[in-house]
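Enquirer: Got entry.cif for you, mmCIF, C-alpha atoms:
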data_start
#
loop_
_atom_site.group_PDB
_atom_site.id
_atom_site.type_symbol
_atom_site.label_atom_id
_atom_site.label_comp_id
_atom_site.auth_asym_id
_atom_site.auth_seq_id
_atom_site.Cartn_x
_atom_site.Cartn_y
_atom_site.Cartn_z
ATOM 1 C CA VAL A 27 37.607 -5.463 27.195
ATOM 2 C CA GLN A 28 35.283 -7.793 29.055
ATOM 3 C CA LEU A 29 31.628 -8.518 28.492
ATOM 4 C CA GLN A 30 30.032 -10.696 31.140
ATOM 5 C CA ALA A 31 26.605 -12.097 30.347
ATOM 6 C CA SER A 32 24.368 -13.442 33.085
ATOM 7 C CA GLY A 33 20.748 -14.150 33.881
ATOM 8 C CA GLY A 34 20.164 -17.319 31.953
ATOM 9 C CA GLY A 35 18.372 -20.292 33.385
ATOM 10 C CA LEU A 36 15.590 -22.803 32.999
ATOM 11 C CA VAL A 37 12.089 -21.454 32.444
ATOM 12 C CA GLN A 38 8.791 -22.884 31.282
ATOM 13 C CA ALA A 39 7.299 -21.864 27.986
ATOM 14 C CA GLY A 40 5.445 -18.597 28.348
ATOM 15 C CA GLY A 41 7.778 -17.412 31.062
ATOM 16 C CA SER A 42 10.215 -14.526 31.169
ATOM 17 C CA LEU A 43 13.898 -13.953 31.751
ATOM 18 C CA THR A 44 16.116 -10.903 31.744
ATOM 19 C CA LEU A 45 19.691 -11.261 30.558
ATOM 20 C CA SER A 46 22.368 -8.805 31.605
ATOM 21 C CA CYS A 47 25.732 -7.995 30.068
ATOM 22 C CA ALA A 48 28.174 -6.064 32.229
ATOM 23 C CA ALA A 49 30.926 -4.323 30.301
ATOM 24 C CA SER A 50 34.376 -3.174 31.285
ATOM 25 C CA GLY A 51 37.066 -1.637 29.138
ATOM 26 C CA ILE A 52 34.497 -0.408 26.643
ATOM 27 C CA ILE A 53 31.798 2.253 26.724
ATOM 28 C CA LEU A 54 28.577 0.682 25.533
ATOM 29 C CA SER A 55 26.944 4.040 24.820
ATOM 30 C CA GLY A 56 29.595 4.586 22.177
ATOM 31 C CA SER A 57 29.123 1.184 20.612
ATOM 32 C CA GLY A 58 26.673 -0.776 18.585
ATOM 33 C CA THR A 59 25.537 -3.604 20.827
ATOM 34 C CA ALA A 60 23.677 -6.793 20.181
ATOM 35 C CA TRP A 61 22.518 -10.108 21.509
ATOM 36 C CA TYR A 62 23.072 -13.323 19.587
ATOM 37 C CA ARG A 63 22.106 -16.875 20.393
ATOM 38 C CA GLN A 64 23.166 -20.347 19.396
ATOM 39 C CA GLY A 65 20.718 -23.187 19.746
ATOM 40 C CA PRO A 66 21.586 -26.880 19.725
ATOM 41 C CA GLY A 67 22.929 -27.810 16.306
ATOM 42 C CA ILE A 68 22.206 -24.328 14.964
ATOM 43 C CA GLN A 69 24.548 -21.600 13.831
ATOM 44 C CA ARG A 70 24.829 -18.522 15.983
ATOM 45 C CA GLU A 71 22.074 -16.097 15.013
ATOM 46 C CA TRP A 72 21.447 -12.452 15.640
ATOM 47 C CA VAL A 73 18.582 -11.675 18.025
ATOM 48 C CA ALA A 74 18.516 -7.934 18.727
ATOM 49 C CA ARG A 75 20.614 -4.832 18.124
ATOM 50 C CA LEU A 76 20.846 -1.455 19.848
ATOM 51 C CA THR A 77 22.828 1.278 18.145
ATOM 52 C CA SER A 78 24.821 3.868 20.043
ATOM 53 C CA GLY A 79 22.138 6.344 19.032
ATOM 54 C CA GLY A 80 19.421 4.281 20.632
ATOM 55 C CA SER A 81 17.771 2.640 17.626
ATOM 56 C CA THR A 82 16.630 -0.926 18.151
ATOM 57 C CA PHE A 83 16.221 -3.795 15.723
ATOM 58 C CA TYR A 84 14.920 -7.300 16.274
ATOM 59 C CA ALA A 85 14.928 -10.586 14.473
ATOM 60 C CA ASP A 86 11.450 -11.481 13.256
ATOM 61 C CA SER A 87 11.411 -14.524 15.528
ATOM 62 C CA VAL A 88 11.591 -12.382 18.692
ATOM 63 C CA LYS A 89 9.887 -9.178 17.617
ATOM 64 C CA GLY A 90 7.207 -8.163 20.101
ATOM 65 C CA ARG A 91 8.526 -10.532 22.763
ATOM 66 C CA PHE A 92 12.100 -9.387 23.435
ATOM 67 C CA THR A 93 13.373 -5.926 24.362
ATOM 68 C CA ILE A 94 16.988 -4.813 24.210
ATOM 69 C CA ALA A 95 18.028 -1.954 26.456
ATOM 70 C CA ARG A 96 21.119 -0.266 27.808
ATOM 71 C CA ASP A 97 21.868 1.378 31.150
ATOM 72 C CA ASP A 98 24.583 3.925 30.475
ATOM 73 C CA ALA A 99 25.152 4.644 34.166
ATOM 74 C CA LYS A 100 25.901 0.981 34.777
ATOM 75 C CA ASN A 101 27.529 0.425 31.383
ATOM 76 C CA ALA A 102 25.363 -2.626 30.957
ATOM 77 C CA LEU A 103 23.220 -4.169 28.259
ATOM 78 C CA TYR A 104 20.006 -6.090 28.865
ATOM 79 C CA LEU A 105 17.651 -8.389 27.032
ATOM 80 C CA GLN A 106 14.162 -8.706 28.454
ATOM 81 C CA MET A 107 12.613 -11.891 27.114
ATOM 82 C CA ASN A 108 8.878 -12.503 27.490
ATOM 83 C CA SER A 109 6.557 -15.214 26.215
ATOM 84 C CA LEU A 110 9.493 -17.563 25.870
ATOM 85 C CA LYS A 111 9.207 -20.530 23.542
ATOM 86 C CA PRO A 112 11.180 -23.784 23.459
ATOM 87 C CA GLU A 113 12.812 -22.611 20.237
ATOM 88 C CA ASP A 114 14.350 -19.715 22.188
ATOM 89 C CA THR A 115 16.592 -22.249 23.911
ATOM 90 C CA GLY A 116 20.280 -21.645 23.397
ATOM 91 C CA VAL A 117 23.384 -19.927 24.616
ATOM 92 C CA TYR A 118 22.970 -16.159 24.489
ATOM 93 C CA TYR A 119 25.939 -13.909 23.809
ATOM 94 C CA CYS A 120 26.324 -10.159 24.071
ATOM 95 C CA ASN A 121 28.350 -8.290 21.485
ATOM 96 C CA ALA A 122 29.726 -4.767 21.272
ATOM 97 C CA ASP A 123 31.261 -2.999 18.285
ATOM 98 C CA PRO A 124 32.768 0.391 19.156
ATOM 99 C CA ASP A 125 31.758 3.144 16.764
ATOM 100 C CA THR A 126 35.279 4.555 16.533
ATOM 101 C CA ILE A 127 37.377 1.478 15.830
ATOM 102 C CA GLN A 128 36.913 -1.646 13.770
ATOM 103 C CA SER A 129 36.703 -4.197 16.517
ATOM 104 C CA SER A 130 34.081 -6.577 17.779
ATOM 105 C CA TYR A 131 33.912 -7.908 21.289
ATOM 106 C CA TRP A 132 32.054 -10.929 22.592
ATOM 107 C CA GLY A 133 31.193 -12.087 26.059
ATOM 108 C CA LEU A 134 30.953 -15.620 27.273
ATOM 109 C CA GLY A 135 27.432 -16.859 26.806
ATOM 110 C CA THR A 136 24.675 -17.589 29.242
ATOM 111 C CA GLN A 137 22.451 -20.620 28.791
ATOM 112 C CA VAL A 138 18.713 -20.193 28.375
ATOM 113 C CA THR A 139 16.564 -23.312 28.394
ATOM 114 C CA VAL A 140 12.842 -23.111 27.764
ATOM 115 C CA SER A 141 10.868 -26.232 28.577
ATOM 116 C CA SER A 142 7.586 -27.064 26.899
#
As structure tokens, how would this structure be written, given the file I've shared?
Expert:
Amino acid sequence: VQLQASGGGLVQAGGSLTLSCAASGIILSGSGTAWYRQGPGIQREWVARLTSGGSTFYADSVKGRFTIARDDAKNALYLQMNSLKPEDTGVYYCNADPDTIQSSYWGLGTQVTVSS
């Protein structure tokens, strides 16, 4: 199983970025998927979740600004981030938990830096 996150970068506050997570060896439509982030000196925190059934959940800190989505044809997960704030800075990781087995898979992170 491989999850490859991409799309991070440097953006000014108020800007937007879209993160992508390409998956292989796992079917994302049959998995609970999520984005996490880890800021400087902060523990990794959950950002958004998308169930295999299509339900979405967001951390209060990103609600209304971030959107998690999945493209089943491409077997990819996305995180659209708008109105970015400096506190959104961190390494963003995608995660997938297959519905049928007790496993959890993580991709390498992608760095997001929001300047004030």
Enquirer: I'd like the residues picked by the PyMOL selection byres ((chain A and resi 46-55) around 6) written out as a ChimeraX atom specification, using the chain letters and numbers from the file.
Expert: /A:27-32,45,56-57,78,101-104
Enquirer: Mind dumping the selected residues with C-alpha atoms as an mmCIF file, in the frame of the given file?
Expert:
data_model
loop_
_atom_site.group_PDB
_atom_site.id
_atom_site.type_symbol
_atom_site.label_atom_id
_atom_site.label_comp_id
_atom_site.auth_asym_id
_atom_site.auth_seq_id
_atom_site.Cartn_x
_atom_site.Cartn_y
_atom_site.Cartn_z
ATOM 1 C CA VAL A 27 37.607 -5.463 27.195
ATOM 2 C CA GLN A 28 35.283 -7.793 29.055
ATOM 3 C CA LEU A 29 31.628 -8.518 28.492
ATOM 4 C CA GLN A 30 30.032 -10.696 31.140
ATOM 5 C CA ALA A 31 26.605 -12.097 30.347
ATOM 6 C CA SER A 32 24.368 -13.442 33.085
ATOM 7 C CA LEU A 45 19.691 -11.261 30.558
ATOM 8 C CA GLY A 56 29.595 4.586 22.177
ATOM 9 C CA SER A 57 29.123 1.184 20.612
ATOM 10 C CA SER A 78 24.821 3.868 20.043
ATOM 11 C CA ASN A 101 27.529 0.425 31.383
ATOM 12 C CA ALA A 102 25.363 -2.626 30.957
ATOM 13 C CA LEU A 103 23.220 -4.169 28.259
ATOM 14 C CA TYR A 104 20.006 -6.090 28.865
#
Enquirer: Run the PyMOL selection byres ((chain A and resi 129-137) around 9) against the file shown and list the residues it catches, as a PyMOL selection string.
Expert: chain A and resi 27-36+45+47+49+63+115-128+138-139
Enquirer: Considering all atoms listed in the file, can you say which of A:Thr59, A:Thr93, A:Ser109, A:Ser42 comes closest to A:Leu76?
Expert: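 Between A:Thr59, A:Thr93, A:Ser109, A:Ser42, the residue approaching A:Leu76 most closely is A:Thr59.
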Enquirer: Which of these, A:Gln69, A:Ser87, A:Ser81, A:Asn108, has the shortest distance to A:Gly40 once you count only C-alpha atoms?
Expert: A:Asn108
Enquirer: Select all residues near (17.5, -3.1, 12.9) (cut-off 12 Å, inclusive, file coordinates), counting only C-alpha atoms, and output them as a list in words.
Expert: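 The requested residues, written out, are Gly58, Thr59, Ala60, Trp72, Val73, Ala74, Arg75, Leu76, Thr77, Gly80, Ser81, Thr82, Phe83, Tyr84, Ala85, Asp86, Lys89 and Ile94 of chain A.
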Enquirer: Go through the shown structure with the PyMOL selection byres ((chain A and resi 38) around 8) and write out the matching residues as a PyMOL selection string.
Expert: chain A and resi 36-37+39-41+110+140-142
Enquirer: Tell me, in Å to one decimal, how far atom CA of A:Pro66 is from atom CA of A:Arg96.
Expert: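 Interatomic distance, atom CA of A:Pro66 to atom CA of A:Arg96: 27.8 Å.
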Enquirer: What's the separation between atom CA of A:Leu105 and atom CA of A:Val88, in Å to one decimal place?
Expert: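 Answer for the atom CA of A:Leu105 to atom CA of A:Val88 separation: 11.1 Å.
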Enquirer: Take every atom of stretch 99-111 of chain A listed in the file, fit an axis-aligned box around them, add 4 Å per side, and give the centre and edge lengths in Å to one decimal as lines of an AutoDock Vina configuration file.
Expert:
center_x = 17.0
center_y = -7.9
center_z = 29.2
size_x = 29.0
size_y = 33.2
size_z = 19.2
Enquirer: In Å, how far is it from atom CA of A:Trp61 to atom CA of A:Asp114?
Expert: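 Between atom CA of A:Trp61 and atom CA of A:Asp114 the gap is 12.6 Å.
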Enquirer: Counting all atoms listed in the file, which residue out of A:Lys111, A:Gln106, A:Ala95, A:Lys100 sits closest to A:Gly79?
Expert: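 Looking only at the distances to A:Gly79, the closest residue turns out to be A:Ala95.
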Enquirer: Could you model N, CA, C and O atoms for stretch 48-67 of chain A and present them as a PDB file, keeping the file's coordinate frame?
Expert:
ATOM      1  N   ALA A  48      27.370  -7.104  31.590  1.00  0.00           N
ATOM      2  CA  ALA A  48      28.174  -6.064  32.229  1.00  0.00           C
ATOM      3  C   ALA A  48      29.451  -5.871  31.428  1.00  0.00           C
ATOM      4  O   ALA A  48      30.125  -6.849  31.084  1.00  0.00           O
ATOM      5  N   ALA A  49      29.773  -4.628  31.145  1.00  0.00           N
ATOM      6  CA  ALA A  49      30.926  -4.323  30.301  1.00  0.00           C
ATOM      7  C   ALA A  49      31.999  -3.593  31.086  1.00  0.00           C
ATOM      8  O   ALA A  49      31.711  -2.762  31.948  1.00  0.00           O
ATOM      9  N   SER A  50      33.241  -3.917  30.757  1.00  0.00           N
ATOM     10  CA  SER A  50      34.376  -3.174  31.285  1.00  0.00           C
ATOM     11  C   SER A  50      35.401  -3.016  30.171  1.00  0.00           C
ATOM     12  O   SER A  50      35.520  -3.891  29.305  1.00  0.00           O
ATOM     13  N   GLY A  51      36.084  -1.891  30.169  1.00  0.00           N
ATOM     14  CA  GLY A  51      37.066  -1.637  29.138  1.00  0.00           C
ATOM     15  C   GLY A  51      36.480  -1.117  27.845  1.00  0.00           C
ATOM     16  O   GLY A  51      37.213  -0.932  26.868  1.00  0.00           O
ATOM     17  N   ILE A  52      35.190  -0.899  27.831  1.00  0.00           N
ATOM     18  CA  ILE A  52      34.497  -0.408  26.643  1.00  0.00           C
ATOM     19  C   ILE A  52      33.280   0.377  27.099  1.00  0.00           C
ATOM     20  O   ILE A  52      32.649   0.008  28.099  1.00  0.00           O
ATOM     21  N   ILE A  53      32.971   1.453  26.386  1.00  0.00           N
ATOM     22  CA  ILE A  53      31.798   2.253  26.724  1.00  0.00           C
ATOM     23  C   ILE A  53      30.662   1.840  25.800  1.00  0.00           C
ATOM     24  O   ILE A  53      30.690   2.072  24.589  1.00  0.00           O
ATOM     25  N   LEU A  54      29.652   1.211  26.374  1.00  0.00           N
ATOM     26  CA  LEU A  54      28.577   0.682  25.533  1.00  0.00           C
ATOM     27  C   LEU A  54      27.789   1.786  24.837  1.00  0.00           C
ATOM     28  O   LEU A  54      27.276   1.569  23.735  1.00  0.00           O
ATOM     29  N   SER A  55      27.699   2.956  25.443  1.00  0.00           N
ATOM     30  CA  SER A  55      26.944   4.040  24.820  1.00  0.00           C
ATOM     31  C   SER A  55      27.624   4.550  23.548  1.00  0.00           C
ATOM     32  O   SER A  55      26.993   5.231  22.736  1.00  0.00           O
ATOM     33  N   GLY A  56      28.878   4.211  23.377  1.00  0.00           N
ATOM     34  CA  GLY A  56      29.595   4.586  22.177  1.00  0.00           C
ATOM     35  C   GLY A  56      29.801   3.416  21.223  1.00  0.00           C
ATOM     36  O   GLY A  56      30.676   3.459  20.359  1.00  0.00           O
ATOM     37  N   SER A  57      28.965   2.409  21.393  1.00  0.00           N
ATOM     38  CA  SER A  57      29.123   1.184  20.612  1.00  0.00           C
ATOM     39  C   SER A  57      27.782   0.711  20.085  1.00  0.00           C
ATOM     40  O   SER A  57      26.738   0.966  20.701  1.00  0.00           O
ATOM     41  N   GLY A  58      27.827   0.007  18.975  1.00  0.00           N
ATOM     42  CA  GLY A  58      26.673  -0.776  18.585  1.00  0.00           C
ATOM     43  C   GLY A  58      26.710  -2.060  19.399  1.00  0.00           C
ATOM     44  O   GLY A  58      27.758  -2.682  19.518  1.00  0.00           O
ATOM     45  N   THR A  59      25.585  -2.430  19.961  1.00  0.00           N
ATOM     46  CA  THR A  59      25.537  -3.604  20.827  1.00  0.00           C
ATOM     47  C   THR A  59      24.456  -4.552  20.328  1.00  0.00           C
ATOM     48  O   THR A  59      23.504  -4.151  19.647  1.00  0.00           O
ATOM     49  N   ALA A  60      24.626  -5.797  20.679  1.00  0.00           N
ATOM     50  CA  ALA A  60      23.677  -6.793  20.181  1.00  0.00           C
ATOM     51  C   ALA A  60      23.678  -8.027  21.066  1.00  0.00           C
ATOM     52  O   ALA A  60      24.613  -8.265  21.826  1.00  0.00           O
ATOM     53  N   TRP A  61      22.614  -8.776  20.935  1.00  0.00           N
ATOM     54  CA  TRP A  61      22.518 -10.108  21.509  1.00  0.00           C
ATOM     55  C   TRP A  61      22.417 -11.107  20.360  1.00  0.00           C
ATOM     56  O   TRP A  61      21.677 -10.870  19.391  1.00  0.00           O
ATOM     57  N   TYR A  62      23.132 -12.201  20.507  1.00  0.00           N
ATOM     58  CA  TYR A  62      23.072 -13.323  19.587  1.00  0.00           C
ATOM     59  C   TYR A  62      22.740 -14.563  20.407  1.00  0.00           C
ATOM     60  O   TYR A  62      22.879 -14.583  21.628  1.00  0.00           O
ATOM     61  N   ARG A  63      22.333 -15.605  19.702  1.00  0.00           N
ATOM     62  CA  ARG A  63      22.106 -16.875  20.393  1.00  0.00           C
ATOM     63  C   ARG A  63      22.508 -18.017  19.484  1.00  0.00           C
ATOM     64  O   ARG A  63      22.526 -17.895  18.255  1.00  0.00           O
ATOM     65  N   GLN A  64      22.824 -19.134  20.133  1.00  0.00           N
ATOM     66  CA  GLN A  64      23.166 -20.347  19.396  1.00  0.00           C
ATOM     67  C   GLN A  64      22.437 -21.503  20.019  1.00  0.00           C
ATOM     68  O   GLN A  64      22.723 -21.896  21.162  1.00  0.00           O
ATOM     69  N   GLY A  65      21.476 -22.048  19.276  1.00  0.00           N
ATOM     70  CA  GLY A  65      20.718 -23.187  19.746  1.00  0.00           C
ATOM     71  C   GLY A  65      21.435 -24.480  19.425  1.00  0.00           C
ATOM     72  O   GLY A  65      22.407 -24.494  18.662  1.00  0.00           O
ATOM     73  N   PRO A  66      20.957 -25.580  19.971  1.00  0.00           N
ATOM     74  CA  PRO A  66      21.586 -26.880  19.725  1.00  0.00           C
ATOM     75  C   PRO A  66      21.612 -27.204  18.238  1.00  0.00           C
ATOM     76  O   PRO A  66      20.563 -27.223  17.583  1.00  0.00           O
ATOM     77  N   GLY A  67      22.800 -27.439  17.708  1.00  0.00           N
ATOM     78  CA  GLY A  67      22.929 -27.810  16.306  1.00  0.00           C
ATOM     79  C   GLY A  67      22.612 -26.696  15.332  1.00  0.00           C
ATOM     80  O   GLY A  67      22.427 -26.950  14.140  1.00  0.00           O
TER      81      GLY A  67
END
